[in-house]
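Okay, so here's the structure we're looking at.
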Amino acid sequence: MTSERMSPTDTAWCAIASVLPGPRGPLHIDAKRPRDMMFWVPRPARLGVGLSISSYAGKVIAGVRVDEAVSKSPGRLVELFEEEASGMLEKASHSY
């Protein structure tokens, strides 16, 4: 694996999105219940954006990895993702 960074003029930017459904109910490890579970998408060189979405015990957990050449404020990307997901959830709840 290389630590090569992207440049703003790089035309080989790419994105990876991975979805991993997890256990529907809580697990116990050594009689303790993990609060959350998380995984990260593979990080090849020159990856612009990586998005991981997983579920665990009725919760959905999302992780975002962004190269600095793509965005100087990855927190804003997370905010936009949360807004979109909330809007989708609200629309879905009204359709049932």
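Residues in the structure tokens are named by chain (A, B, ... in the order shown) and by number from 1 within that chain; ligands are numbered from 1 in the order shown.
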
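Scanning segment 42-83 of chain A with DSSP on the backbone, the strand (DSSP E) assignments fall on A:Val49, A:Gly50, A:Leu51, A:Ser52, A:Ile53, A:Ser54, A:Ser55, A:Tyr56, A:Lys59, A:Val60, A:Ile61, A:Ala62, A:Gly63, A:Val64, A:Arg65, A:Val66.
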
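For the choices A:Val41, A:Ser86, A:Arg46, A:Ser52, the atom-to-atom distance to Glu68 of chain A is smallest for A:Arg46 when using only C-alpha atoms.
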
For Ser18 of chain A, please output as a JSON list (two decimals) with C-alpha atoms, in the first residue's frame all residues within 10 Å (counting only C-alpha atoms; exclusion window: fewer than 6 positions along the same chain).
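Output file around.json is given in full below:
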```json
[["chain", "number", "residue", "atom", "x", "y", "z"],
["A", 39, "PHE", "CA", -15.80, -0.96, 9.21],
["A", 40, "TRP", "CA", -13.92, 1.14, 6.67],
["A", 41, "VAL", "CA", -13.72, 0.71, 2.93],
["A", 42, "PRO", "CA", -10.35, -0.44, 1.60],
["A", 50, "GLY", "CA", -14.75, 6.17, 0.67],
["A", 51, "LEU", "CA", -18.21, 5.63, 2.16],
["A", 52, "SER", "CA", -19.03, 2.73, 4.48],
["A", 53, "ILE", "CA", -22.56, 2.00, 5.66],
["A", 54, "SER", "CA", -23.33, -0.74, 8.15],
["A", 62, "ALA", "CA", -21.99, 5.57, 8.20],
["A", 63, "GLY", "CA", -18.32, 6.43, 7.85]]
```

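With only C-alpha atoms as the atoms that count, the minimum distance from Ala85 of chain A to the choices A:Met38, A:Leu47, A:Ile61, A:Ala15 is reached by A:Ile61.
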
Nearest candidate to Pro21 of chain A (options A:Gly48, A:Gly87, A:Gly58, A:Gly75; using only C-alpha atoms): A:Gly58

Expected answer as a ChimeraX atom specification: alpha helix (DSSP H) residues in chain A: /A:74-94

Residues within 12 Å of Pro26 of chain A, only C-alpha atoms, excluding chain neighbours under 5 positions, as a ChimeraX atom specification: /A:31-37,55-59

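When atom CA of Glu84 of chain A is paired with atom CA of Ala17 of chain A, their separation reads 16.0 Å.
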